[in-house]
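Worksheet: one structure, shown below.
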Amino acid sequence: MQRYFVNKQQINEQTISIIGDDVHHITRVLRMSEGDEILCSCQETKRTAHCKIAEISNEQITAHVVKWIEANSELPVKVTIASGLPKGDKLELIIQKGTELGAESFIPFNAARSIVKWDEKKAGKKVERWEKIAKEAAEQSHRVTIPTINAPFSFKQLCDVSTQYDKKIVAYEEEAKRGEKSAFAKVLSEMKANESVLIVFGPEGGLTEKEVGVLTELDFVSCSFGPRILRTETAPLYGLAAISYHFELM
């Protein structure tokens with residue numbers, strides 16, 4: 001059953017109004033009609049409604065709530081992925097797959113070895129596209145919230161915001177080369193439900209020794225993600241998968 005996100009203003013007791021691009025998706029892409037069933041998730045309340053389409057117009061779809069579903073598909077801990085700006089569409093892949101794997105938010109940042117230069121003139125459209133990718137991935141994976149996508153931070157901004165998190169990790173390939181194996185697992189074993197963790201990943205070429213030094217001074221734990229050196233778009237997904245296994249499957 002297809003899932004759509006709504007806000008509290010779109011909910012009126014047992015009736016939900018669907019607007020914007022979702023109207024086009026329902027009517028033109030999926031070619032649904034009155035009587036078809038959908039799921040509507042509200043981020044503010046973290047509740048999902050099983051709905052039946054009652055009325056379709058060009059600008060709005062009205063759906064009646066059949067029943068409210070209380071199931072929660074979110075990770076029990078809040079994970080923020082901070083990625084040094086990579087080349088091409090790698091960040092889009094990180095956001096899409098990271099959303100499916102349960103990340104709560106994403107912070108792209110300008111790392112010392114980031115080849116990509118952030119264009120402020122195109123910033124609005126770029127972030128808008130990332131937000132659309134996250135929304136579609138959240139719908140596909142039946143999440144009840146859409147991750148927050150930030151416009152790129154400077155390295156200093158990333159350091160400043162890190163004080164807001166319960167746990168902090170930096171993925172550093174030199175740790176893998178040294179054979180470090182236990183730090184990541186130790187951090188996860190110390191975490192409790194609803195705590196937050198910020199995980200920092202470098203761009204192609206990795207983080208510099210100076211960047212890692214600054215982060216460790218801010219109480220980041222420097223970790224390897226196994227004995228193999230992972231690409232910048234692979235490492236965040238490995239981290240999220242490991243967190244999901246630790247908290248949801250063990």
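Residues in the structure tokens are named by chain (A, B, ... in the order shown) and by number from 1 within that chain; ligands are numbered from 1 in the order shown.
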**Request:** Would you kindly return, as a ChimeraX atom specification, each protein, DNA or RNA residue with an atom no farther than 9 Å from any atom of range 94-106 of chain A, considering only C-alpha atoms and excluding same-chain residues fewer than 4 positions away?
**Result:** /A:73-75,77-83,89-90,130-131,133-138,140-143,145-150,232-234,236-237,240-241,244
**Request:** Can you pull out every residue within 10 Å of Gly35 in chain A, counting only C-alpha atoms, but drop anything in the same chain fewer than 4 positions away, and send it as a list in words?
**Result:**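 Returned residues: Cys51, Lys52, Ile53, Ala54, Glu55, Ala63 and His64 of chain A.
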Hey, which bits of range 102-147 of chain A sit within 10 Å of range 201-223 of chain A, and for each residue what's the closest pair of atoms and how far apart in Å (one decimal), counting only C-alpha atoms, rows by chain and increasing number, as a tab-separated table?
```
residue	atom	partner	partner_atom	distance
A:Pro108	CA	A:Phe201	CA	9.6
A:Phe109	CA	A:Gly202	CA	9.2
A:Asn110	CA	A:Pro203	CA	8.9
A:Ala111	CA	A:Gly202	CA	7.0
A:Ala112	CA	A:Thr208	CA	7.0
A:Arg113	CA	A:Gly205	CA	6.4
A:Ser114	CA	A:Pro203	CA	5.7
A:Ile115	CA	A:Glu204	CA	8.2
A:Val116	CA	A:Pro203	CA	9.5
```
Residues at most 12 Å from Gly20 in chain A, counting only C-alpha atoms, excluding those fewer than 6 positions away in the same chain, as a PDB file with N, CA, C and O atoms, in the first residue's frame?
```pdb
ATOM      1  N   TYR A   4       1.965   8.143   2.046  1.00  0.00           N
ATOM      2  CA  TYR A   4       2.174   9.571   1.818  1.00  0.00           C
ATOM      3  C   TYR A   4       2.292  10.274   3.157  1.00  0.00           C
ATOM      4  O   TYR A   4       1.708   9.854   4.157  1.00  0.00           O
ATOM      5  N   PHE A   5       3.061  11.371   3.177  1.00  0.00           N
ATOM      6  CA  PHE A   5       3.238  12.139   4.403  1.00  0.00           C
ATOM      7  C   PHE A   5       2.335  13.365   4.407  1.00  0.00           C
ATOM      8  O   PHE A   5       2.185  14.051   3.389  1.00  0.00           O
ATOM      9  N   VAL A   6       1.723  13.613   5.549  1.00  0.00           N
ATOM     10  CA  VAL A   6       0.841  14.774   5.721  1.00  0.00           C
ATOM     11  C   VAL A   6       1.232  15.473   7.024  1.00  0.00           C
ATOM     12  O   VAL A   6       1.914  14.894   7.876  1.00  0.00           O
ATOM     13  N   GLN A  10      -3.516  18.999   7.733  1.00  0.00           N
ATOM     14  CA  GLN A  10      -4.233  18.257   6.693  1.00  0.00           C
ATOM     15  C   GLN A  10      -5.189  17.215   7.278  1.00  0.00           C
ATOM     16  O   GLN A  10      -5.914  16.562   6.529  1.00  0.00           O
ATOM     17  N   ILE A  26      -0.703  10.306  -7.154  1.00  0.00           N
ATOM     18  CA  ILE A  26      -1.839   9.393  -6.956  1.00  0.00           C
ATOM     19  C   ILE A  26      -2.679   9.263  -8.219  1.00  0.00           C
ATOM     20  O   ILE A  26      -3.069   8.160  -8.622  1.00  0.00           O
ATOM     21  N   THR A  27      -2.958  10.400  -8.856  1.00  0.00           N
ATOM     22  CA  THR A  27      -3.893  10.387  -9.988  1.00  0.00           C
ATOM     23  C   THR A  27      -3.240  10.065 -11.323  1.00  0.00           C
ATOM     24  O   THR A  27      -3.825   9.370 -12.158  1.00  0.00           O
ATOM     25  N   SER A  57     -10.002  15.691  -6.836  1.00  0.00           N
ATOM     26  CA  SER A  57     -10.115  16.868  -7.688  1.00  0.00           C
ATOM     27  C   SER A  57      -8.728  17.163  -8.245  1.00  0.00           C
ATOM     28  O   SER A  57      -7.752  16.470  -7.933  1.00  0.00           O
ATOM     29  N   ASN A  58      -8.603  18.208  -9.055  1.00  0.00           N
ATOM     30  CA  ASN A  58      -7.306  18.526  -9.652  1.00  0.00           C
ATOM     31  C   ASN A  58      -6.275  18.969  -8.618  1.00  0.00           C
ATOM     32  O   ASN A  58      -5.068  18.784  -8.822  1.00  0.00           O
ATOM     33  N   GLU A  59      -6.720  19.570  -7.530  1.00  0.00           N
ATOM     34  CA  GLU A  59      -5.793  20.148  -6.567  1.00  0.00           C
ATOM     35  C   GLU A  59      -5.768  19.437  -5.216  1.00  0.00           C
ATOM     36  O   GLU A  59      -4.879  19.682  -4.407  1.00  0.00           O
ATOM     37  N   GLN A  60      -6.713  18.557  -4.985  1.00  0.00           N
ATOM     38  CA  GLN A  60      -6.785  17.933  -3.655  1.00  0.00           C
ATOM     39  C   GLN A  60      -7.450  16.572  -3.724  1.00  0.00           C
ATOM     40  O   GLN A  60      -8.334  16.333  -4.549  1.00  0.00           O
ATOM     41  N   ILE A  61      -6.993  15.696  -2.832  1.00  0.00           N
ATOM     42  CA  ILE A  61      -7.627  14.386  -2.670  1.00  0.00           C
ATOM     43  C   ILE A  61      -8.097  14.277  -1.221  1.00  0.00           C
ATOM     44  O   ILE A  61      -7.341  14.572  -0.296  1.00  0.00           O
TER      45      ILE A  61
END
```
**Request:** Can you work out the spacing between CA of Lys117 in chain A and CA of Phe225 in chain A in Å, to one decimal?
**Result:**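 If I compute the distance from CA of Lys117 in chain A to CA of Phe225 in chain A, I get 27.5 Å.
Nearest to Ala193 in chain A of all the residues A:Pro152, A:Pro86, A:Pro227, A:Pro76 is A:Pro76, counting only C-alpha atoms.
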**Residues of range 78-215 of chain A in strand (DSSP E or B), written as an MDAnalysis selection string** = chainID A and resid 78:84 105:109 148:149 153 167:171 196:201
